[in-house]
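Asks: Input file: my_file16.cif. Contents: mmCIF, C-alpha atoms.
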data_work
#
loop_
_atom_site.label_atom_id
_atom_site.label_comp_id
_atom_site.auth_asym_id
_atom_site.auth_seq_id
_atom_site.Cartn_x
_atom_site.Cartn_y
_atom_site.Cartn_z
CA MET A 1 0.00 0.00 0.00
CA GLY A 2 2.46 2.65 1.15
CA PRO A 3 4.29 4.77 0.34
CA LEU A 4 1.17 6.16 -1.28
CA ILE A 5 2.98 8.36 -3.81
CA VAL A 6 5.36 5.64 -5.01
CA ASN A 7 2.49 3.19 -5.52
CA GLU A 8 0.55 5.91 -7.34
CA ILE A 9 -2.39 5.77 -4.91
CA ILE A 10 -2.28 9.55 -4.70
CA SER A 11 -1.30 12.10 -7.36
CA GLN A 12 1.77 14.33 -7.30
CA ASN A 13 -0.36 17.35 -6.42
CA THR A 14 -2.12 15.52 -3.59
CA ASN A 15 1.32 14.60 -2.27
CA LEU A 16 2.33 18.26 -2.19
CA LEU A 17 -0.93 19.22 -0.49
CA LEU A 18 -0.39 16.50 2.12
CA ALA A 19 3.17 17.81 2.59
CA PHE A 20 1.59 21.07 3.70
CA PHE A 21 -0.61 19.27 6.25
CA ILE A 22 2.28 17.16 7.51
CA GLY A 23 4.17 20.42 7.96
CA ILE A 24 1.30 21.85 10.02
CA GLY A 25 1.46 18.81 12.29
CA PHE A 26 5.26 19.06 12.48
CA GLY A 27 5.30 22.77 13.32
CA PHE A 28 2.41 22.45 15.77
CA VAL A 29 4.05 19.64 17.72
CA LEU A 30 7.47 21.36 17.81
CA GLU A 31 5.94 24.58 19.12
CA GLN A 32 3.73 22.75 21.65
CA ALA A 33 6.82 20.95 22.95
CA GLY A 34 8.55 24.30 23.51
CA PHE A 35 11.01 24.06 20.62
CA SER A 36 10.28 27.67 19.68
CA SER A 37 12.37 28.71 22.69
CA SER A 38 16.16 28.83 22.29
CA ARG A 39 16.82 28.74 26.02
CA LYS A 40 14.71 25.63 26.35
CA LEU A 41 16.56 23.97 23.46
CA ALA A 42 19.99 25.00 24.76
CA GLY A 43 18.99 23.75 28.22
CA MET A 44 19.72 20.28 26.93
CA PHE A 45 23.44 21.02 26.90
CA TYR A 46 23.53 22.32 30.48
CA GLY A 47 21.20 19.74 32.00
CA TYR A 48 18.57 22.21 33.19
CA ASP A 49 16.04 21.27 30.51
CA ALA A 50 16.20 17.92 28.73
CA THR A 51 13.02 18.38 26.68
CA VAL A 52 15.02 18.07 23.44
CA LEU A 53 16.30 14.62 24.33
CA LYS A 54 12.91 13.38 25.49
CA VAL A 55 10.96 14.65 22.48
CA PHE A 56 13.64 13.78 19.94
CA PHE A 57 14.22 10.20 21.07
CA THR A 58 10.55 9.45 21.76
CA GLY A 59 9.87 10.73 18.24
CA ALA A 60 12.60 8.66 16.61
CA ILE A 61 11.55 5.49 18.45
CA THR A 62 7.85 5.98 17.69
CA ALA A 63 8.56 6.49 13.98
CA ALA A 64 11.05 3.60 13.76
CA LEU A 65 8.72 1.24 15.63
CA GLY A 66 5.78 2.39 13.51
CA LEU A 67 7.67 1.71 10.30
CA LEU A 68 8.68 -1.76 11.56
CA PHE A 69 5.04 -2.65 12.27
CA PHE A 70 3.74 -1.07 9.06
CA SER A 71 6.31 -3.13 7.18
CA LEU A 72 5.38 -6.28 9.11
CA PHE A 73 1.66 -5.79 8.35
CA GLY A 74 2.49 -5.17 4.69
CA TRP A 75 1.20 -1.60 4.84
CA ILE A 76 4.45 -0.11 3.58
CA GLU A 77 7.15 -1.37 1.26
CA MET A 78 10.39 -0.32 2.88
CA ASP A 79 12.28 -0.80 -0.40
CA TYR A 80 10.51 2.31 -1.69
CA VAL A 81 11.19 4.41 1.38
CA PHE A 82 14.08 6.85 1.16
CA VAL A 83 17.00 5.80 3.34
CA ASN A 84 19.51 8.64 3.75
CA PRO A 85 22.75 7.51 2.07
CA THR A 86 25.81 7.44 4.30
CA TYR A 87 28.81 9.58 3.42
CA LEU A 88 30.97 9.11 6.48
CA GLY A 89 33.30 12.11 6.06
CA SER A 90 30.76 14.77 5.19
CA THR A 91 28.22 13.50 7.72
CA ILE A 92 30.72 13.79 10.58
CA VAL A 93 32.19 17.14 9.55
CA GLY A 94 28.75 18.52 8.66
CA GLY A 95 27.42 17.30 12.02
CA ILE A 96 30.26 19.02 13.89
CA VAL A 97 29.58 22.31 12.09
CA MET A 98 25.86 21.95 12.86
CA GLY A 99 26.61 21.19 16.52
CA LEU A 100 28.62 24.41 16.76
CA GLY A 101 25.76 26.27 15.11
CA PHE A 102 23.38 24.74 17.65
CA ILE A 103 25.28 25.87 20.75
CA LEU A 104 25.97 29.34 19.32
CA GLY A 105 22.55 29.95 17.83
CA GLY A 106 20.29 27.97 20.14
CA PHE A 107 18.17 26.61 17.31
CA CYS A 108 18.23 24.07 14.53
CA PRO A 109 16.60 24.96 11.19
CA GLY A 110 13.15 23.47 11.87
CA THR A 111 12.87 24.95 15.35
CA SER A 112 14.08 28.38 14.20
CA PHE A 113 11.16 28.57 11.76
CA CYS A 114 8.82 27.67 14.65
CA GLY A 115 10.32 30.37 16.84
CA ALA A 116 10.08 32.92 14.03
CA ALA A 117 6.42 31.98 13.49
CA ILE A 118 5.52 33.09 17.03
CA GLY A 119 7.59 36.28 16.97
CA LYS A 120 10.99 35.29 18.36
CA ILE A 121 13.38 37.79 16.80
CA ASP A 122 16.46 35.70 17.64
CA ALA A 123 14.85 32.85 15.67
CA LEU A 124 14.21 35.14 12.72
CA VAL A 125 17.86 36.22 12.71
CA PHE A 126 18.91 32.55 12.89
CA VAL A 127 16.75 31.86 9.80
CA GLY A 128 18.56 34.72 8.06
CA GLY A 129 21.84 33.05 9.01
CA LEU A 130 20.63 29.77 7.48
CA PHE A 131 20.12 31.49 4.15
CA ILE A 132 23.60 33.01 4.30
CA GLY A 133 25.23 29.71 5.31
CA ILE A 134 23.54 27.67 2.59
CA PHE A 135 24.31 30.36 0.03
CA ILE A 136 28.01 30.26 1.03
CA PHE A 137 27.96 26.46 0.68
CA ALA A 138 26.37 26.71 -2.77
CA GLU A 139 28.72 29.41 -4.05
CA GLY A 140 31.88 27.74 -2.77
CA PHE A 141 30.74 24.22 -3.61
CA PRO A 142 33.80 23.27 -5.76
CA LEU A 143 35.99 23.95 -2.70
CA TRP A 144 34.29 21.31 -0.54
CA GLN A 145 32.96 19.01 -3.23
CA ASN A 146 35.52 16.32 -2.38
CA LEU A 147 34.66 16.42 1.31
CA TYR A 148 30.96 16.37 0.40
CA LEU A 149 31.42 13.10 -1.49
CA SER A 150 33.85 11.47 0.93
CA GLY A 151 33.29 8.13 2.66
CA PHE A 152 30.37 6.95 0.55
CA MET A 153 28.84 3.74 1.93
CA GLY A 154 25.51 3.62 0.07
CA ASP A 155 22.09 3.75 1.70
CA ILE A 156 23.13 1.40 4.46
CA THR A 157 21.07 0.93 7.63
CA ILE A 158 22.62 0.81 11.09
CA SER A 159 21.19 -2.65 11.78
CA LYS A 160 22.89 -3.92 8.63
CA ALA A 161 26.16 -2.24 9.62
CA LEU A 162 25.96 -3.92 13.05
CA ASN A 163 24.78 -7.16 11.47
CA ILE A 164 21.67 -7.49 13.63
CA SER A 165 17.97 -7.51 12.71
CA PRO A 166 16.12 -4.16 12.53
CA GLY A 167 13.74 -5.35 15.24
CA LEU A 168 16.55 -6.17 17.65
CA PHE A 169 18.21 -2.85 16.94
CA VAL A 170 15.06 -0.86 17.67
CA PHE A 171 14.56 -2.88 20.87
CA LEU A 172 18.10 -1.97 21.99
CA LEU A 173 17.51 1.64 20.98
CA ILE A 174 14.44 1.75 23.20
CA LEU A 175 16.43 0.38 26.15
CA VAL A 176 19.15 3.01 25.62
CA ALA A 177 16.53 5.76 25.31
CA VAL A 178 14.78 4.73 28.52
CA GLY A 179 18.17 4.87 30.26
CA MET A 180 18.77 8.36 28.88
CA PHE A 181 15.29 9.50 29.94
CA TRP A 182 16.10 8.38 33.45
CA VAL A 183 19.35 10.40 33.46
CA ALA A 184 17.47 13.37 31.94
CA GLU A 185 14.84 13.37 34.69
CA TRP A 186 17.62 13.22 37.28
CA ALA A 187 19.56 16.08 35.65
CA GLU A 188 16.50 18.34 35.49
CA LYS A 189 16.02 17.92 39.25
CA LYS A 190 19.69 18.57 39.94
CA PHE A 191 20.25 21.70 37.84
CA PRO A 192 18.25 24.87 38.52
CA ARG A 193 15.80 26.02 35.91
CA GLU A 194 14.28 29.42 35.37
CA GLU A 195 11.18 30.43 33.51
CA TYR A 196 11.91 31.71 30.03
CA MET B 1 -8.06 32.48 40.66
CA GLU B 2 -9.83 29.98 38.51
CA THR B 3 -9.09 31.90 35.32
CA ASN B 4 -5.46 32.43 36.32
CA PHE B 5 -5.04 28.74 36.87
CA GLN B 6 -6.60 27.94 33.51
CA GLN B 7 -4.33 30.50 31.88
CA VAL B 8 -1.22 28.83 33.29
CA ARG B 9 -2.46 25.41 32.20
CA LYS B 10 -3.08 26.68 28.69
CA THR B 11 0.31 28.29 28.23
CA ARG B 12 2.25 25.38 29.63
CA TYR B 13 4.22 23.29 27.18
CA MET B 14 3.03 19.82 26.21
CA ASN B 15 4.38 16.80 28.07
CA PRO B 16 7.62 15.99 26.21
CA TYR B 17 6.92 12.27 25.89
CA VAL B 18 3.44 12.92 24.49
CA ALA B 19 4.93 15.50 22.09
CA GLY B 20 7.57 12.93 21.10
CA VAL B 21 4.96 10.30 20.23
CA LEU B 22 3.05 12.86 18.15
CA LEU B 23 6.29 13.92 16.43
CA GLY B 24 7.01 10.27 15.64
CA LEU B 25 3.53 9.87 14.15
CA VAL B 26 4.18 12.90 11.92
CA VAL B 27 7.40 11.31 10.64
CA LEU B 28 5.60 7.98 10.20
CA ALA B 29 2.84 9.70 8.20
CA ALA B 30 5.42 11.41 5.97
CA ASN B 31 7.05 8.08 5.19
CA PHE B 32 3.72 6.35 4.61
CA ILE B 33 2.45 9.06 2.28
CA ALA B 34 5.56 10.35 0.54
CA GLY B 35 8.18 7.64 1.18
CA ARG B 36 10.41 10.16 2.90
CA GLY B 37 10.80 11.85 6.26
CA VAL B 38 10.40 15.47 7.25
CA GLY B 39 13.00 18.21 6.76
CA ALA B 40 13.74 21.88 7.09
CA SER B 41 17.07 23.03 5.63
CA GLY B 42 16.20 21.55 2.21
CA ALA B 43 13.40 24.09 1.83
CA VAL B 44 15.86 26.94 2.39
CA LYS B 45 18.15 25.41 -0.23
CA SER B 46 15.27 25.22 -2.75
CA THR B 47 14.45 28.87 -2.09
CA ILE B 48 18.06 29.91 -2.65
CA VAL B 49 18.32 27.91 -5.88
CA ALA B 50 15.07 29.48 -7.12
CA ALA B 51 16.33 32.96 -6.25
CA VAL B 52 19.68 32.46 -7.99
CA GLU B 53 17.99 30.96 -11.06
CA THR B 54 15.76 34.05 -11.27
CA ILE B 55 18.29 36.76 -10.44
CA ALA B 56 21.38 35.30 -12.12
CA PRO B 57 20.27 32.62 -14.62
CA GLN B 58 23.68 32.57 -16.30
CA HIS B 59 25.43 31.88 -13.02
CA ALA B 60 22.88 29.18 -12.09
CA ALA B 61 23.49 27.47 -15.43
CA ASN B 62 27.27 27.40 -14.91
CA ALA B 63 27.96 26.94 -11.20
CA THR B 64 28.19 23.26 -10.19
CA PHE B 65 25.87 23.40 -7.19
CA TYR B 66 22.90 24.92 -9.03
CA LYS B 67 23.55 22.88 -12.17
CA ASP B 68 23.56 19.64 -10.13
CA TYR B 69 20.36 20.69 -8.37
CA GLY B 70 18.64 21.45 -11.65
CA GLU B 71 19.70 18.13 -13.17
CA SER B 72 18.63 16.02 -10.20
CA HIS B 73 15.36 17.85 -9.45
CA GLY B 74 14.12 19.64 -12.55
CA GLY B 75 11.24 22.08 -12.69
CA ASN B 76 10.66 24.97 -10.35
CA PRO B 77 12.68 24.48 -7.14
CA LEU B 78 9.89 26.11 -5.12
CA ASN B 79 7.39 23.48 -6.25
CA SER B 80 8.97 20.87 -3.98
CA TRP B 81 7.66 18.67 -1.19
CA LEU B 82 9.86 20.25 1.47
CA VAL B 83 8.88 23.81 0.55
CA TYR B 84 5.17 22.98 1.02
CA GLN B 85 6.01 21.12 4.21
CA MET B 86 7.93 24.12 5.62
CA LEU B 87 5.05 26.46 4.76
CA GLY B 88 2.94 24.09 6.83
CA VAL B 89 5.46 24.26 9.69
CA LEU B 90 5.10 28.03 9.81
CA VAL B 91 1.30 27.72 9.90
CA GLY B 92 1.37 24.92 12.49
CA ALA B 93 3.75 26.74 14.84
CA PHE B 94 1.71 29.94 14.42
CA LEU B 95 -1.52 28.12 15.33
CA SER B 96 0.13 26.54 18.35
CA GLY B 97 1.45 29.94 19.44
CA ILE B 98 -2.04 31.44 19.23
CA ILE B 99 -3.70 28.60 21.14
CA ALA B 100 -1.04 28.75 23.87
CA HIS B 101 -0.93 32.56 24.02
CA ARG B 102 2.75 32.66 23.14
CA MET B 103 2.59 35.15 20.27
CA LYS B 104 4.98 37.93 21.22
CA TRP B 105 7.84 39.87 19.63
CA LYS B 106 10.80 38.97 21.77
CA VAL B 107 14.55 38.44 21.76
CA GLU B 108 15.03 35.53 24.11
CA HIS B 109 18.33 35.54 25.98
CA SER B 110 20.01 34.94 29.31
CA PRO B 111 19.77 37.96 31.66
CA LYS B 112 23.59 37.95 31.67
CA ILE B 113 23.89 39.04 28.05
CA THR B 114 22.43 41.81 25.89
CA SER B 115 19.90 41.36 23.10
CA LYS B 116 22.53 42.51 20.63
CA ARG B 117 24.96 39.79 21.70
CA ARG B 118 22.17 37.22 21.49
CA LEU B 119 21.32 38.28 17.94
CA ILE B 120 24.95 38.23 16.79
CA PHE B 121 25.31 34.69 18.10
CA ALA B 122 21.99 33.68 16.54
CA LEU B 123 23.24 34.92 13.17
CA MET B 124 26.57 33.08 13.50
CA GLY B 125 24.76 29.93 14.63
CA GLY B 126 22.40 30.12 11.69
CA ILE B 127 25.25 30.53 9.21
CA LEU B 128 27.10 27.54 10.66
CA PHE B 129 23.97 25.37 10.86
CA GLY B 130 23.01 26.27 7.30
CA PHE B 131 26.46 25.43 5.97
CA GLY B 132 26.71 22.22 8.00
CA SER B 133 23.26 21.06 6.90
CA GLN B 134 24.37 21.14 3.28
CA LEU B 135 27.63 19.36 3.97
CA GLY B 136 25.85 16.76 6.10
CA ARG B 137 22.94 16.32 3.65
CA GLY B 138 20.25 17.47 6.03
CA CYS B 139 19.76 18.97 9.46
CA THR B 140 18.35 17.69 12.74
CA SER B 141 15.00 17.03 11.05
CA GLY B 142 15.93 15.57 7.68
CA SER B 143 19.16 13.84 8.56
CA ALA B 144 19.09 12.98 12.27
CA LEU B 145 15.39 12.47 13.13
CA SER B 146 14.11 11.17 9.80
CA GLY B 147 17.33 9.23 9.20
CA MET B 148 17.02 7.48 12.55
CA ALA B 149 13.37 6.65 11.85
CA VAL B 150 14.38 4.58 8.80
CA LEU B 151 17.44 3.26 10.71
CA SER B 152 19.83 4.92 8.28
CA LEU B 153 23.43 4.70 9.54
CA GLN B 154 23.85 8.28 8.44
CA GLY B 155 21.01 9.42 10.71
CA PHE B 156 22.68 8.02 13.81
CA ILE B 157 26.12 9.41 12.94
CA SER B 158 24.59 12.78 12.21
CA MET B 159 22.69 12.82 15.52
CA ALA B 160 25.82 11.83 17.47
CA ALA B 161 27.97 14.45 15.71
CA ILE B 162 25.47 17.30 16.19
CA PHE B 163 24.63 16.65 19.84
CA GLY B 164 28.15 15.48 20.73
CA THR B 165 29.67 18.71 19.40
CA ALA B 166 27.08 20.90 21.10
CA PHE B 167 27.75 19.16 24.43
CA THR B 168 31.52 19.45 23.96
CA PHE B 169 31.45 23.18 23.32
CA ALA B 170 28.60 24.03 25.72
CA TYR B 171 31.04 25.00 28.48
CA PHE B 172 32.63 27.79 26.40
CA PHE B 173 29.30 29.42 25.61
CA ARG B 174 27.62 28.93 28.97
CA LYS B 175 27.33 32.66 29.61
CA ASN B 176 24.94 32.93 26.68
CA TRP B 177 22.50 30.49 28.20
CA ILE B 178 22.85 30.10 31.96
#
What is this structure when it is put down as structure tokens?
Replies:
Amino acid sequence: MGPLIVNEIISQNTNLLLAFFIGIGFGFVLEQAGFSSSRKLAGMFYGYDATVLKVFFTGAITAALGLLFFSLFGWIEMDYVFVNPTYLGSTIVGGIVMGLGFILGGFCPGTSFCGAAIGKIDALVFVGGLFIGIFIFAEGFPLWQNLYLSGFMGDITISKALNISPGLFVFLLILVAVGMFWVAEWAEKKFPREEY
Amino acid sequence: METNFQQVRKTRYMNPYVAGVLLGLVVLAANFIAGRGVGASGAVKSTIVAAVETIAPQHAANATFYKDYGESHGGNPLNSWLVYQMLGVLVGAFLSGIIAHRMKWKVEHSPKITSKRRLIFALMGGILFGFGSQLGRGCTSGSALSGMAVLSLQGFISMAAIFGTAFTFAYFFRKNWI
């Protein structure tokens, strides 16, 4: 059955319309969780607010588990689902640059749009920075093209890389996440938190 | 008193675990419908490509980045899944802000720093995050969250690199936040 667009159950235009509604759900949930606040997001890195960890990992587990069950029930053909290809070098270096951007700017791209939507001026400025940063990347692309293409491993999954079944991996991921949630709850009690 | 209490309840953020489950369902729906996860930085890229194609068509036809984009995507860059999704994000966050009474022009920062300093750092952070998202083929949404949902190795590496780096450097920028 799914993905609906690949199996031509819905048209291209319907897909774009549904993208808009998925976006509404995405933005609504991020804002409701408090991701429109940079001090709440940054709180993750000082232990006073671990909302990011809780929302992010609960989200990843829910989606991964959902896809496993959908696949098991034959509701979705995973062969047609996009699996982000792994380029080891650029993923690591890109991730480090993004991590720096996170601690300096207090947002990631999705959350900065949410903050801007409710009037956070720091979020709006961060969005402006995104445009500049991506424009710099585009203009200087030949300079980092080699890095961009380095360490290509194909669209490999982590369960395949570890040589275990997807189900077992997600089970282990849930155990790790529950452990992290426990630490997060402890940290939030230990470190003072203000209203922001 | 009653109304005050209700006001506080309304403006409080959602339980993070409940929000996480809902977020996961959004990503699941995206995969079920479109065979892909959610994203954010890709929409900014599409906007930039569209702008360059309009303002400097010659440059867009010659420079590698824009040429590659045109060849792999085709058509109007703004007519893309992620652009419609990001328009939705703006609407969704706006609606949530109205319901929760959080609509307010504000520069949010630690009392220890000035608004100006906060904005300078926000700009620098945005530039770095934008650049990194292109190098890493997606940001926290498209690469880390959506990548992890489909168990992509890249998603997990990306998540570890982003959060690991932020934790590592948190100490040096603590004045900005605590």
Asks: Which residue, B:Thr168, B:Arg174, B:Pro57, B:Leu135, has the smallest gap to chain A when you use all atoms listed in the file?
Replies: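 Smallest distance to chain A is found for B:Leu135.
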Asks: Going by the chain IDs and residue numbers used in this file, which residues fall under the PyMOL selection byres ((chain A and resi 167) around 12)? Write them as number ranges by chain.
Replies: A: 61, 64-69, 71-72, 158-160, 163-166, 168-174; B: 150-151
Asks: Pull the neighbourhood of (14.9, 34.7, 15.4) for me: all residues within 12 Å in file coordinates, counting all atoms listed in the file, as a ChimeraX atom specification.
Replies: /A:36-38,105-130 /B:104-109,115,118-126
Asks: Could you jot down the atom CA of A:Thr62 to atom CA of A:Arg193 separation for me, Å, one decimal place?
Replies: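 Computing the Euclidean distance for atom CA of A:Thr62 and atom CA of A:Arg193 yields 28.2 Å.
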Asks: Could you tell me, as a PyMOL selection string, exactly which residues end up selected when the PyMOL selection byres ((chain B and resi 64) around 10) is applied to this structure?
Replies: (chain A and resi 138-142+145) or (chain B and resi 59-63+65-70)
Asks: Would you list the contacts of B:Pro77 as a list in words, taking every protein, DNA or RNA residue within 12 Å and counting only C-alpha atoms, but skipping same-chain residues closer than 5 positions in sequence?
Replies: Gly42, Ala43, Val44, Lys45, Ser46, Thr47, Ile48, Val49, Ala50, Ala51, Val52, Glu53, Thr54, Tyr66, Tyr69, Gly70, Glu71, Ser72, Leu82, Val83 and Tyr84 of chain B
Asks: Let me make sure I understand: among A:Gly2, A:Gly23, A:Gly94, A:Gly99, which one has the smallest atom-to-atom distance to B:Val91 if we use all atoms listed in the file?
Replies: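 Among A:Gly2, A:Gly23, A:Gly94, A:Gly99, it is A:Gly23 that comes nearest to B:Val91.
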Asks: What is the distance, in Å and to one decimal place, between atom CA of B:Gly132 and atom CA of B:Leu145?
Replies: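 Straight-line distance from atom CA of B:Gly132 to atom CA of B:Leu145 works out to 15.8 Å.
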Asks: Out of B:Trp177, B:Lys116, B:Phe94, B:Pro16, which residue has the shortest atom-to-atom distance to A:Ala184 when counting all atoms listed in the file?
Replies: B:Pro16
Asks: Go ahead and compute the interatomic distance for atom CA of A:Asp155 and atom CA of A:Asn84, in Å to one decimal.
Replies: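 Answer for the atom CA of A:Asp155 to atom CA of A:Asn84 separation: 5.9 Å.
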Asks: Within 8 Å of B:Gly147, counting all atoms listed in the file, which residues show up once you throw out same-chain ones fewer than 5 positions away? Write them as a list in words, please.
Replies: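 After dropping sequence-adjacent residues, the list is Val83 and Asn84 of chain A; Gly37, Gly142, Ser152, Leu153, Gln154, Gly155 and Phe156 of chain B.
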Asks: Out of A:Gly151, A:Gly89, A:Pro192, A:Gly133, which residue has the shortest atom-to-atom distance to chain B when counting only C-alpha atoms?
Replies: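 The answer is A:Gly133, which sits nearest to chain B.
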Asks: Find, counting all atoms listed in the file, the residue in B:Val38, B:Ile33, B:Ala100, B:Ala56 that gets nearest to chain A.
Replies: B:Ile33
Asks: Which residues are close to A:Glu188, i.e. within 9 Å by only C-alpha atoms, leaving aside same-chain residues fewer than 5 positions away? Reply as a VMD selection string.
Replies: chain A and resid 47 to 50 183 193
